Structures are given as structure tokens and as C-alpha cells.
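Structure file run-v3.cif with mmCIF, C-alpha atoms and all ligand atoms:
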```
data_model
loop_
_atom_site.label_atom_id
_atom_site.label_comp_id
_atom_site.auth_asym_id
_atom_site.auth_seq_id
_atom_site.Cartn_x
_atom_site.Cartn_y
_atom_site.Cartn_z
CA MET E 1 60.82 -41.27 46.17
CA ARG E 2 60.77 -45.05 45.84
CA LEU E 3 58.39 -46.29 48.45
CA SER E 4 57.22 -49.83 48.70
CA TYR E 5 53.87 -51.10 49.89
CA PRO E 6 52.57 -54.68 50.11
CA THR E 7 52.23 -56.33 46.70
CA ASN E 8 48.94 -58.00 47.54
CA ILE E 9 47.15 -54.66 47.29
CA LYS E 10 45.31 -54.11 44.05
CA ILE E 11 44.86 -50.45 43.18
CA VAL E 12 41.63 -49.48 41.43
CA LYS E 13 41.80 -45.95 40.06
CA VAL E 14 38.69 -43.79 40.15
CA PRO E 15 38.32 -40.13 39.17
CA CYS E 16 37.12 -39.30 42.70
CA THR E 17 36.16 -41.41 45.73
CA GLY E 18 32.71 -39.90 45.21
CA ARG E 19 32.45 -42.24 42.22
CA VAL E 20 32.70 -45.29 44.46
CA ASP E 21 29.28 -46.71 45.08
CA ILE E 22 28.14 -49.20 47.69
CA ILE E 23 27.78 -51.93 45.10
CA HIS E 24 31.40 -51.50 43.94
CA ILE E 25 32.65 -52.24 47.44
CA LEU E 26 30.32 -55.23 47.84
CA LYS E 27 31.39 -56.58 44.44
CA ALA E 28 35.02 -56.43 45.55
CA PHE E 29 34.13 -58.73 48.43
CA GLU E 30 32.11 -60.99 46.15
CA GLY E 31 35.17 -61.14 43.94
CA GLY E 32 37.16 -62.44 46.88
CA ALA E 33 38.86 -59.32 48.27
CA ASP E 34 39.76 -59.66 51.95
CA GLY E 35 39.49 -55.95 52.61
CA VAL E 36 38.74 -52.67 50.85
CA CYS E 37 40.32 -49.34 51.61
CA LEU E 38 39.16 -46.10 50.02
CA VAL E 39 41.81 -43.42 49.76
CA GLY E 40 40.40 -40.00 48.98
CA CYS E 41 41.70 -36.46 49.00
CA LEU E 42 41.86 -34.49 52.22
CA GLU E 43 38.51 -33.31 53.51
CA GLY E 44 37.83 -29.84 52.17
CA ASP E 45 40.12 -30.47 49.20
CA CYS E 46 37.78 -32.38 46.92
CA HIS E 47 37.97 -31.24 43.31
CA TYR E 48 34.26 -32.05 43.07
CA LEU E 49 33.61 -30.35 46.42
CA ARG E 50 32.00 -33.18 48.36
CA GLY E 51 33.00 -36.43 46.67
CA ASN E 52 35.23 -37.59 49.51
CA LEU E 53 32.66 -36.64 52.15
CA ARG E 54 29.99 -38.62 50.38
CA ALA E 55 32.37 -41.56 49.98
CA ARG E 56 32.94 -41.60 53.72
CA LYS E 57 29.20 -41.79 54.35
CA ARG E 58 28.92 -44.66 51.90
CA VAL E 59 31.78 -46.46 53.63
CA GLU E 60 29.87 -46.10 56.91
CA HIS E 61 26.77 -47.53 55.23
CA VAL E 62 28.72 -50.42 53.70
CA LYS E 63 30.00 -51.27 57.18
CA LEU E 64 26.41 -51.94 58.23
CA LEU E 65 25.81 -54.10 55.16
CA LEU E 66 29.03 -56.06 55.71
CA GLU E 67 28.14 -56.55 59.33
CA GLU E 68 24.69 -57.94 58.55
CA SER E 69 25.98 -60.21 55.81
CA GLY E 70 28.58 -61.65 58.19
CA ILE E 71 31.68 -60.34 56.41
CA GLY E 72 32.53 -57.87 59.16
CA LYS E 73 32.75 -54.11 59.18
CA GLU E 74 36.47 -54.05 60.02
CA ARG E 75 37.28 -55.13 56.48
CA VAL E 76 36.49 -51.74 54.99
CA ALA E 77 38.18 -48.42 55.76
CA MET E 78 38.56 -44.93 54.39
CA HIS E 79 41.55 -42.62 54.59
CA ASN E 80 42.10 -39.07 53.36
CA LEU E 81 45.47 -38.12 51.96
CA SER E 82 46.94 -35.50 49.69
CA SER E 83 48.92 -36.57 46.65
CA ALA E 84 52.07 -35.37 48.44
CA GLN E 85 51.64 -37.99 51.16
CA GLY E 86 53.14 -41.03 49.45
CA GLN E 87 54.89 -41.97 52.66
CA ARG E 88 51.63 -42.04 54.56
CA PHE E 89 49.98 -44.02 51.74
CA ALA E 90 52.62 -46.75 52.00
CA GLU E 91 52.16 -46.77 55.77
CA ILE E 92 48.36 -47.09 55.51
CA ALA E 93 48.77 -49.87 52.95
CA ARG E 94 50.97 -51.77 55.38
CA GLU E 95 48.68 -51.15 58.36
CA MET E 96 45.60 -52.20 56.42
CA THR E 97 47.33 -55.36 55.17
CA GLU E 98 48.36 -56.28 58.70
CA LYS E 99 44.90 -55.62 60.06
CA ILE E 100 43.21 -57.72 57.36
CA ARG E 101 45.77 -60.49 57.68
CA ALA E 102 44.96 -60.69 61.37
CA LEU E 103 41.24 -60.98 60.53
CA GLY E 104 41.92 -63.86 58.15
CA PRO E 105 40.54 -64.42 54.68
CA ASN E 106 37.19 -63.11 53.46
CA PRO E 107 34.71 -65.67 54.83
CA ALA E 108 32.68 -65.54 51.59
CA ARG E 109 35.62 -66.24 49.31
CA LYS E 110 34.81 -68.96 46.83
CA THR E 111 37.11 -71.92 47.21
CA GLY E 112 38.28 -74.03 44.31
CA MET M 1 5.27 -41.57 46.14
CA ILE M 2 4.86 -44.76 48.13
CA VAL M 3 7.66 -45.02 50.66
CA ALA M 4 9.05 -48.30 51.96
CA ASN M 5 11.95 -49.53 54.08
CA ARG M 6 14.04 -52.55 53.38
CA LYS M 7 13.22 -55.34 55.83
CA PRO M 8 15.87 -56.34 58.38
CA PHE M 9 18.44 -58.56 56.70
CA GLU M 10 17.94 -61.49 59.10
CA GLU M 11 14.25 -61.55 58.22
CA ILE M 12 15.06 -61.71 54.50
CA ILE M 13 17.67 -64.41 55.01
CA GLU M 14 15.25 -66.47 57.09
CA MET M 15 12.54 -66.29 54.39
CA LEU M 16 15.01 -67.37 51.73
CA LYS M 17 16.55 -70.20 53.73
CA PRO M 18 14.91 -73.08 51.80
CA TYR M 19 15.80 -71.70 48.37
CA SER M 20 18.89 -71.62 46.20
CA LYS M 21 17.49 -70.16 42.95
CA ILE M 22 15.94 -66.80 43.66
CA LEU M 23 14.34 -64.12 41.54
CA LEU M 24 14.89 -60.71 43.17
CA LEU M 25 12.47 -58.10 41.86
CA GLY M 26 12.73 -54.34 41.96
CA CYS M 27 10.48 -51.55 40.70
CA ASN M 28 11.44 -48.49 38.71
CA GLU M 29 8.89 -46.15 40.25
CA CYS M 30 8.14 -45.16 43.85
CA VAL M 31 10.59 -47.51 45.54
CA THR M 32 13.35 -46.31 43.22
CA VAL M 33 12.83 -42.68 44.18
CA CYS M 34 12.69 -43.48 47.87
CA ALA M 35 15.93 -45.47 47.39
CA THR M 36 14.53 -48.72 48.75
CA GLY M 37 13.83 -51.07 45.89
CA GLY M 38 15.14 -49.77 42.57
CA ALA M 39 17.76 -51.49 40.42
CA LYS M 40 20.52 -50.12 42.66
CA GLU M 41 19.04 -51.45 45.89
CA VAL M 42 18.25 -54.75 44.18
CA SER M 43 21.91 -55.17 43.22
CA VAL M 44 23.06 -54.31 46.75
CA LEU M 45 20.64 -56.74 48.41
CA ALA M 46 21.53 -59.48 45.90
CA SER M 47 25.20 -58.98 46.65
CA GLU M 48 24.60 -59.09 50.40
CA ILE M 49 22.56 -62.29 50.14
CA ARG M 50 25.21 -63.93 47.95
CA LEU M 51 27.96 -62.97 50.39
CA PHE M 52 26.00 -64.29 53.36
CA ARG M 53 25.05 -67.56 51.71
CA GLN M 54 28.53 -68.09 50.30
CA LYS M 55 29.95 -67.64 53.79
CA GLU M 56 27.41 -70.16 55.12
CA GLY M 57 28.47 -72.65 52.48
CA GLN M 58 25.01 -72.47 50.84
CA PRO M 59 25.59 -70.47 47.68
CA VAL M 60 22.58 -69.05 45.83
CA GLU M 61 21.84 -68.05 42.30
CA ILE M 62 20.02 -64.73 42.15
CA LYS M 63 18.44 -63.17 39.11
CA GLU M 64 18.03 -59.41 39.53
CA LEU M 65 15.10 -57.96 37.64
CA THR M 66 13.66 -54.47 37.96
CA LEU M 67 10.31 -53.90 36.28
CA GLU M 68 9.09 -50.55 35.07
CA ARG M 69 6.14 -51.01 37.43
CA ASN M 70 4.98 -54.02 39.44
CA CYS M 71 1.41 -52.74 39.69
CA ASP M 72 0.55 -52.93 35.98
CA THR M 73 -0.36 -56.15 34.21
CA GLU M 74 1.61 -55.38 31.06
CA TYR M 75 4.89 -55.18 32.96
CA VAL M 76 4.10 -58.03 35.34
CA GLU M 77 3.41 -60.31 32.38
CA SER M 78 6.88 -59.63 31.07
CA LEU M 79 8.17 -61.80 33.94
CA LYS M 80 6.75 -64.90 32.34
CA PRO M 81 9.92 -66.12 30.59
CA ALA M 82 12.06 -65.64 33.72
CA ILE M 83 9.95 -66.54 36.72
CA ASN M 84 9.68 -70.28 36.12
CA ASP M 85 13.43 -70.72 36.21
CA TYR M 86 13.45 -69.74 39.88
CA GLU M 87 12.14 -71.48 42.98
CA VAL M 88 10.89 -68.32 44.59
CA ALA M 89 10.55 -64.59 44.00
CA ILE M 90 11.30 -61.89 46.54
CA SER M 91 10.30 -58.36 45.76
CA MET M 92 11.47 -54.89 46.72
CA ALA M 93 8.39 -53.22 45.18
CA CYS M 94 5.74 -51.83 47.51
CA GLY M 95 3.06 -54.08 48.95
CA CYS M 96 0.85 -53.50 45.90
CA GLY M 97 3.54 -54.73 43.53
CA ILE M 98 4.42 -57.74 45.67
CA GLN M 99 0.79 -58.89 45.75
CA PHE M 100 0.15 -58.21 42.10
CA VAL M 101 3.09 -60.30 40.90
CA GLY M 102 1.90 -63.11 43.19
CA GLU M 103 -1.60 -62.91 41.71
CA HIS M 104 -0.18 -63.41 38.23
CA TYR M 105 2.03 -66.40 39.06
CA ARG M 106 -0.01 -68.54 41.39
CA ASP M 107 2.41 -71.45 41.56
CA LYS M 108 5.15 -69.20 42.94
CA LEU M 109 5.62 -67.55 46.29
CA VAL M 110 6.42 -63.84 46.08
CA LEU M 111 8.03 -62.80 49.34
CA PRO M 112 8.33 -59.22 50.66
CA ALA M 113 11.82 -57.75 51.01
CA VAL M 114 10.48 -54.36 52.13
CA ASP M 115 8.04 -52.97 54.67
CA THR M 116 5.76 -50.53 52.87
CA THR M 117 5.19 -47.56 55.11
CA PHE M 118 3.57 -44.41 53.72
CA TYR M 119 2.65 -42.00 50.93
CA GLY M 120 5.12 -39.23 51.21
CA VAL M 121 7.52 -36.69 49.78
CA ALA M 122 11.28 -36.36 49.57
CA GLU M 123 11.75 -33.43 51.96
CA GLU M 124 15.44 -33.33 51.18
CA GLN M 125 17.98 -35.74 49.73
CA GLY M 126 17.73 -38.86 51.87
CA VAL M 127 14.74 -37.73 53.97
CA TRP M 128 11.15 -38.80 53.28
CA THR M 129 8.10 -37.80 55.25
CA GLU M 130 4.45 -38.77 55.23
CA ARG M 131 1.78 -36.53 53.73
CA CYS M 132 -1.37 -38.46 52.86
CA GLN M 133 -3.25 -41.55 54.00
CA GLY M 134 -5.63 -41.80 51.06
CA CYS M 135 -8.72 -41.05 53.15
CA GLY M 136 -10.84 -40.81 50.01
CA ALA M 137 -12.34 -37.38 50.80
CA CYS M 138 -9.68 -34.72 50.78
CA VAL M 139 -9.98 -31.72 53.10
CA LEU M 140 -6.84 -29.84 52.06
CA ASP M 141 -9.05 -26.93 50.90
CA LYS M 142 -10.29 -26.48 54.47
CA THR M 143 -6.92 -26.82 56.13
CA LEU M 144 -5.01 -24.85 53.50
CA GLY M 145 -2.84 -27.68 52.35
CA ILE M 146 -1.93 -29.41 55.60
CA CYS M 147 -3.45 -32.84 56.06
CA PRO M 148 -4.94 -33.35 59.53
CA VAL M 149 -5.59 -37.03 58.84
CA THR M 150 -1.92 -37.78 58.29
CA ARG M 151 0.03 -35.11 60.06
CA CYS M 152 -1.97 -35.05 63.27
CA ALA M 153 -1.19 -38.19 65.29
CA LYS M 154 -4.86 -38.36 66.33
CA SER M 155 -6.26 -37.34 62.93
CA ILE M 156 -8.48 -34.76 64.61
CA PHE M 157 -10.43 -32.22 62.61
CA ASN M 158 -10.90 -29.48 65.18
CA GLY M 159 -7.47 -29.25 66.72
CA PRO M 160 -5.11 -28.88 68.30
CA CYS M 161 -5.50 -31.26 71.22
CA GLY M 162 -4.10 -30.56 74.68
CA GLY M 163 -0.84 -32.29 73.79
CA SER M 164 0.31 -29.54 71.43
CA GLN M 165 3.33 -27.92 73.10
CA GLY M 166 5.44 -25.17 71.59
CA GLY M 167 4.25 -26.14 68.11
CA LYS M 168 5.23 -29.79 68.54
CA CYS M 169 3.11 -32.91 68.83
CA GLU M 170 3.03 -34.81 72.10
CA VAL M 171 3.97 -38.09 70.42
CA ASN M 172 7.41 -36.82 69.46
CA LYS M 173 9.27 -33.58 70.09
CA GLU M 174 10.52 -33.62 66.50
CA THR M 175 7.05 -33.83 64.97
CA PRO M 176 5.33 -30.53 64.25
CA CYS M 177 1.76 -30.28 65.51
CA ALA M 178 -0.40 -30.39 62.38
CA TRP M 179 -2.91 -28.02 63.91
CA GLN M 180 -0.21 -25.53 64.78
CA LEU M 181 0.85 -25.69 61.13
CA ILE M 182 -2.74 -25.21 60.01
CA VAL M 183 -3.33 -22.20 62.28
CA ASP M 184 -0.02 -20.66 61.18
CA ARG M 185 -1.09 -21.16 57.60
CA TYR M 186 -4.51 -19.50 58.21
CA LYS M 187 -2.64 -16.51 59.61
CA GLU M 188 -0.16 -16.47 56.75
CA MET M 189 -3.01 -16.40 54.24
CA ASN M 190 -5.08 -13.89 56.28
CA MET M 191 -7.81 -16.47 56.62
CA LEU M 192 -7.89 -16.96 60.37
CA GLU M 193 -11.69 -16.73 60.35
CA LYS M 194 -11.69 -20.17 58.72
CA TYR M 195 -10.42 -21.58 61.99
CA LEU M 196 -13.79 -20.74 63.57
CA GLU M 197 -15.63 -23.15 61.29
CA ILE M 198 -16.32 -26.33 63.22
CA GLN M 199 -15.70 -29.37 61.10
CA PRO M 200 -18.45 -31.98 61.31
CA MET M 201 -17.59 -35.60 62.00
CA LYS M 202 -15.72 -37.07 59.08
CA ASN M 203 -17.33 -39.87 57.16
CA TRP M 204 -14.59 -42.47 57.24
CA SER M 205 -16.38 -44.90 54.94
CA THR M 206 -14.47 -43.44 52.00
CA SER M 207 -11.26 -44.35 53.78
CA ARG M 208 -9.89 -47.79 54.71
CA ASP M 209 -12.78 -48.17 57.16
CA GLY M 210 -15.13 -48.78 54.25
CA GLY M 211 -13.12 -51.80 53.14
CA PRO M 212 -10.80 -52.17 50.16
CA ARG M 213 -11.47 -49.54 47.55
CA LYS M 214 -11.88 -49.78 43.83
CA ARG M 215 -11.83 -47.28 41.00
CA VAL M 216 -13.37 -47.95 37.62
CA ARG M 217 -13.32 -45.82 34.48
CA GLU M 218 -15.67 -47.45 32.04
CA ASP M 219 -14.39 -45.39 29.11
CA LEU M 220 -10.92 -46.81 29.53
CA LYS M 221 -11.87 -50.45 29.85
CA LEU M 222 -11.12 -52.67 26.88
S1 LIG E 301 4.59 -51.40 42.22
FE1 LIG E 301 4.50 -50.01 43.90
S2 LIG E 301 6.50 -49.03 43.83
FE2 LIG E 301 6.17 -49.89 41.84
S3 LIG E 301 5.17 -48.26 40.68
FE3 LIG E 301 3.59 -49.54 41.51
S4 LIG E 301 3.00 -48.45 43.32
FE4 LIG E 301 5.00 -47.66 42.79
S1 LIG E 302 -7.30 -35.28 53.65
FE1 LIG E 302 -7.29 -37.42 52.99
S2 LIG E 302 -6.84 -37.35 50.79
FE2 LIG E 302 -6.37 -35.32 51.62
S3 LIG E 302 -4.17 -35.42 52.05
FE3 LIG E 302 -5.23 -36.01 53.93
S4 LIG E 302 -5.43 -38.24 53.86
FE4 LIG E 302 -4.87 -37.54 51.82
#
```

Taking this structure as input, can you express it in the form of C-alpha cells?
Ligand code: SF4
Ligand code: SF4
Amino acid sequence: MRLSYPTNIKIVKVPCTGRVDIIHILKAFEGGADGVCLVGCLEGDCHYLRGNLRARKRVEHVKLLLEESGIGKERVAMHNLSSAQGQRFAEIAREMTEKIRALGPNPARKTG
Amino acid sequence: MIVANRKPFEEIIEMLKPYSKILLLGCNECVTVCATGGAKEVSVLASEIRLFRQKEGQPVEIKELTLERNCDTEYVESLKPAINDYEVAISMACGCGIQFVGEHYRDKLVLPAVDTTFYGVAEEQGVWTERCQGCGACVLDKTLGICPVTRCAKSIFNGPCGGSQGGKCEVNKETPCAWQLIVDRYKEMNMLEKYLEIQPMKNWSTSRDGGPRKRVREDLKL
């Protein structure tokens, strides 16, 4: 299967979405990312039992933080996929890119 | 532990408006365990402030520093090399820590980034509840371990009041009536006769009502 997804997406590999902390997502925005999407295993399928469920809660919390700091909650999302859903991954990558492109660049991106 | 809540972000941003070099303090004790002002929360708040100010076109430099304790001179003094490089300090320690740092560095403002709320316990992961108000004369022996000062909304000593309904307090349907808990506990321990003892008026002078309190142990003083 040779699927393509937008090249402006930078993949950061983690052992489990449960490893992703609030500060990691905020740091991505500080580093100039326009959006962050967490892609975890299907709910109920976490190798570490609840990693993906906890990640989702953190994403919800980060939305509040992004909202108060004026970055906007729409710039972060979470999706659950199995490793057999490459097709869906490429689709989500395209949808997310379109959505973020419509929102415009990260308002806190450092210029120059 | 002392439990606190982070202040609303707008309030923090407003306090920091005039400054561009900020020292953000955390504390490794109570506020770390109640997930309000430990190193983790300090890094999150710092990041949020940087994002906001960057977006506003007023970037800030923030030094994140979490002390072992903010209520002990030896740790507070360790701030000496850092504090002068910053225009202002803002602290996520409890109210005691915020004041104590300010007392040590009188030419600096130390602003509060949290609202200190109560002495409590971690009932479960992510849930903290109040247990004690430091009344200075503990009655937990009489009430078998349930504090009427704190857990009864009216702090009454011969309860319950008429607002106790189905075991809940009239101030909030979620809040157990402290006196219901106490009576249940008397029964559980086969000590219901204790309920018949009328408690005399409490002397509140040992509590906040007697003014700020002080504890001295001569043998420990240097
Ligand atoms: S400064 Fe406050 S939060 Fe820190 S250890 Fe002391 S009492 Fe606890
Ligand atoms: S009786 Fe006083 S010291 Fe004892 S738990 Fe209640 S408030 Fe604290």
C-alpha cells in the first residue's frame, strides 16, 4: 500500500499516546506548529490498557489551555486508529491539514 | 497537604502585563501533590504565558524555578543568584510560600499565580477534598475522626442542624452532612452513647479568631 499524506506533517513517534503530556503539545505550538494531532490506538485496544484514554483527556485539557492563551482549541485533535487503517490515517492527515490551513498560521509563531 | 487552584489565566496575564523578564516559581511539596504548582505545572503555565505574549507581539523571558519548599529560609535563600535578573516573580506555591519569598526579597514583587484554598487529602487521583481548618484545638477524639469544624458547613458541635437531608448537607446535595457521618461512625464503633454528650461552646481563640498564630520550640532555635 503506497498511500500519500501531506508532506508538511511531521510525525513524532511515541511508545503510546499515554506518553504524550500536556507540555509536549504546548511545546509543539511554541516551536511553531500550526496544529497538533494525536493518533492513538482504538479505544479498548491500548497495549498499556488506558494510555489512549488518558491521552484523550489530556487533549481536552490542552484545548482549554490553548483557548485561554489565544491559540485556539481547534488546532489540536485526537483520533483513534488501528495499525491496519493506513487509508484512514492518510485521510485524517489530509483533513487535519485542510482544517489548519483554513485557520491560518499559529498566531504565536515567531517571525524572522 | 495544602491545596490550591491555579488562578484564572486572564488574571495572571493582567498582573504580568508590565513585565518582560519574569521569574516563575513552583514548589516541590503540597502544590506539587495537588497538581497545581509543581515543576510540571510551572512549565505548562510558562509555556501558556509565552504563547499568549508571543501572539500579542510582546514576548517574555521566563525563568522556571521550582524550590524544594518556599516556606523554609534555607531554600528561599537559594533564589538569591537568580531573582535579581528578573523584574518580577510570580509564584505557584501556596500563600505561605508566596509571602515568604516576598519577605526575603523586599525590592521585588512576588505575585500569586494560585488561589490557596484548603488543607485536604487526595481522595482519588485528581480529586482533593478538605479535611481540616487548623482550629488549634482538635476534637477528632470526640467525633471519632470526622472534623465538624471543616466538614460541617456551619461548624456546629452538637449537630446535625435542620438542613441535614438524607445524609446530605443543605448547602450542596453532593456534600455529606458531617454530623450524619459522625453519628454513623458512633454506630459503627458501638459508641452511640458518646452522641449524648453535649459539647460545650468551643473556644475559638486557638483558631484564626485569636489572630495569627505562632509556634516556637526553644530547643530547636539556633
Ligand atoms: S511553600 Fe506551601 S506548598 Fe510549598 S511546602 Fe511550603 S506549605 Fe507546602
Ligand atoms: S477539629 Fe480543628 S484541628 Fe481537628 S481536624 Fe478539625 S479543624 Fe483540624

Exercise. What is the distance, in Å and to one decimal place, between atom CA of Ala4 of chain M and atom CA of Val114 of chain M?
Worked result: 6.2 Å

Exercise. What is the atom CA of Gly145 of chain M-atom CA of Met1 of chain M distance in Å, reported with one decimal?
Worked result: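 Value for the atom CA of Gly145 of chain M-atom CA of Met1 of chain M distance: 17.2 Å.
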
Problem set entry | Contacts with ligand LIG 302 (chain E) at most 10 Å, all atoms listed in the file counted, listed as a list in words |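 Counting all atoms listed in the file, the residues within 10 Å of ligand LIG 302 (chain E) come out as Tyr119, Glu130, Arg131, Cys132, Gln133, Gly134, Cys135, Gly136, Ala137, Cys138, Val139, Leu140, Asp141, Lys142, Thr143, Gly145, Ile146, Cys147, Pro148, Val149, Thr150, Arg151, Cys152, Ser155, Phe157, Trp204, Thr206 and Ser207 of chain M.
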
Find the residues of chain M that sit at most 7 Å from chain E; for each, write down the nearest two atoms and how far apart they are in Å, to one decimal. Count all atoms listed in the file. Sort by chain, then by number going up, and give it as CSV.
```
residue,atom,partner,partner_atom,distance
M:Phe9,CA,E:Glu68,CA,6.5
M:Ser43,CA,E:Ile23,CA,7.0
M:Val44,CA,E:Ile23,CA,5.5
M:Ser47,CA,E:Leu26,CA,6.5
M:Glu48,CA,E:Ser69,CA,5.7
M:Ile49,CA,E:Ser69,CA,6.9
M:Leu51,CA,E:Ala108,CA,5.5
M:Phe52,CA,E:Ser69,CA,4.8
M:Gln54,CA,E:Ala108,CA,5.0
M:Lys55,CA,E:Ala108,CA,4.1
```

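When atom CA of Val216 of chain M is paired with atom CA of Thr117 of chain M, their separation reads 25.5 Å.
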
Test item: residues at most 9 Å from Ala35 of chain M, only C-alpha atoms, excluding those fewer than 6 positions along its chain, as a PDB file with C-alpha atoms, keeping the file's coordinate frame:
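Ended up saving to part_20.pdb:
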```pdb
ATOM      1  CA  VAL M   3       7.660 -45.020  50.660  1.00  0.00           C
ATOM      2  CA  ALA M   4       9.050 -48.300  51.960  1.00  0.00           C
ATOM      3  CA  ASN M   5      11.950 -49.530  54.080  1.00  0.00           C
ATOM      4  CA  GLU M  41      19.040 -51.450  45.890  1.00  0.00           C
ATOM      5  CA  GLY M 126      17.730 -38.860  51.870  1.00  0.00           C
TER       6      GLY M 126
END
```

Selection as a JSON list (two decimals) with C-alpha atoms, in the frame of the given file: residues within 12 Å of ligand LIG 301 (chain E) by all atoms listed in the file:
```
[["chain", "number", "residue", "atom", "x", "y", "z"],
["M", 1, "MET", "CA", 5.27, -41.57, 46.14],
["M", 2, "ILE", "CA", 4.86, -44.76, 48.13],
["M", 3, "VAL", "CA", 7.66, -45.02, 50.66],
["M", 4, "ALA", "CA", 9.05, -48.30, 51.96],
["M", 5, "ASN", "CA", 11.95, -49.53, 54.08],
["M", 25, "LEU", "CA", 12.47, -58.10, 41.86],
["M", 26, "GLY", "CA", 12.73, -54.34, 41.96],
["M", 27, "CYS", "CA", 10.48, -51.55, 40.70],
["M", 28, "ASN", "CA", 11.44, -48.49, 38.71],
["M", 29, "GLU", "CA", 8.89, -46.15, 40.25],
["M", 30, "CYS", "CA", 8.14, -45.16, 43.85],
["M", 31, "VAL", "CA", 10.59, -47.51, 45.54],
["M", 32, "THR", "CA", 13.35, -46.31, 43.22],
["M", 33, "VAL", "CA", 12.83, -42.68, 44.18],
["M", 34, "CYS", "CA", 12.69, -43.48, 47.87],
["M", 35, "ALA", "CA", 15.93, -45.47, 47.39],
["M", 36, "THR", "CA", 14.53, -48.72, 48.75],
["M", 37, "GLY", "CA", 13.83, -51.07, 45.89],
["M", 38, "GLY", "CA", 15.14, -49.77, 42.57],
["M", 39, "ALA", "CA", 17.76, -51.49, 40.42],
["M", 66, "THR", "CA", 13.66, -54.47, 37.96],
["M", 67, "LEU", "CA", 10.31, -53.90, 36.28],
["M", 68, "GLU", "CA", 9.09, -50.55, 35.07],
["M", 69, "ARG", "CA", 6.14, -51.01, 37.43],
["M", 70, "ASN", "CA", 4.98, -54.02, 39.44],
["M", 71, "CYS", "CA", 1.41, -52.74, 39.69],
["M", 72, "ASP", "CA", 0.55, -52.93, 35.98],
["M", 73, "THR", "CA", -0.36, -56.15, 34.21],
["M", 75, "TYR", "CA", 4.89, -55.18, 32.96],
["M", 76, "VAL", "CA", 4.10, -58.03, 35.34],
["M", 91, "SER", "CA", 10.30, -58.36, 45.76],
["M", 92, "MET", "CA", 11.47, -54.89, 46.72],
["M", 93, "ALA", "CA", 8.39, -53.22, 45.18],
["M", 94, "CYS", "CA", 5.74, -51.83, 47.51],
["M", 95, "GLY", "CA", 3.06, -54.08, 48.95],
["M", 96, "CYS", "CA", 0.85, -53.50, 45.90],
["M", 97, "GLY", "CA", 3.54, -54.73, 43.53],
["M", 98, "ILE", "CA", 4.42, -57.74, 45.67],
["M", 99, "GLN", "CA", 0.79, -58.89, 45.75],
["M", 100, "PHE", "CA", 0.15, -58.21, 42.10],
["M", 101, "VAL", "CA", 3.09, -60.30, 40.90],
["M", 114, "VAL", "CA", 10.48, -54.36, 52.13],
["M", 115, "ASP", "CA", 8.04, -52.97, 54.67],
["M", 116, "THR", "CA", 5.76, -50.53, 52.87],
["M", 117, "THR", "CA", 5.19, -47.56, 55.11],
["M", 118, "PHE", "CA", 3.57, -44.41, 53.72],
["M", 119, "TYR", "CA", 2.65, -42.00, 50.93],
["M", 120, "GLY", "CA", 5.12, -39.23, 51.21]]
```

Exercise. Near Lys57 of chain E, counting only C-alpha atoms, which residues have an atom at most 12 Å away, once you skip same-chain residues fewer than 5 positions from it, shown as JSON, numbers by chain?
Worked result: {"E": [17, 18, 20, 21, 22, 38, 50, 51, 52, 62, 63, 64, 77, 78]}

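Using only C-alpha atoms, the shortest contact distance between Leu181 of chain M and any of M:Glu14, M:Leu45, M:Ala122, M:Cys169 is found at M:Cys169.
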
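Shortest atom-to-atom contact with Lys73 of chain E among E:Gln87, E:Gly35, E:His47, E:Thr97: E:Gly35, counting all atoms listed in the file.
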
Exercise. Could you pull the residues within 10 Å of Tyr86 of chain M, counting all atoms listed in the file, minus those fewer than 5 positions along the same chain, as a ChimeraX atom specification?
Worked result: /M:19-24,61-63,108
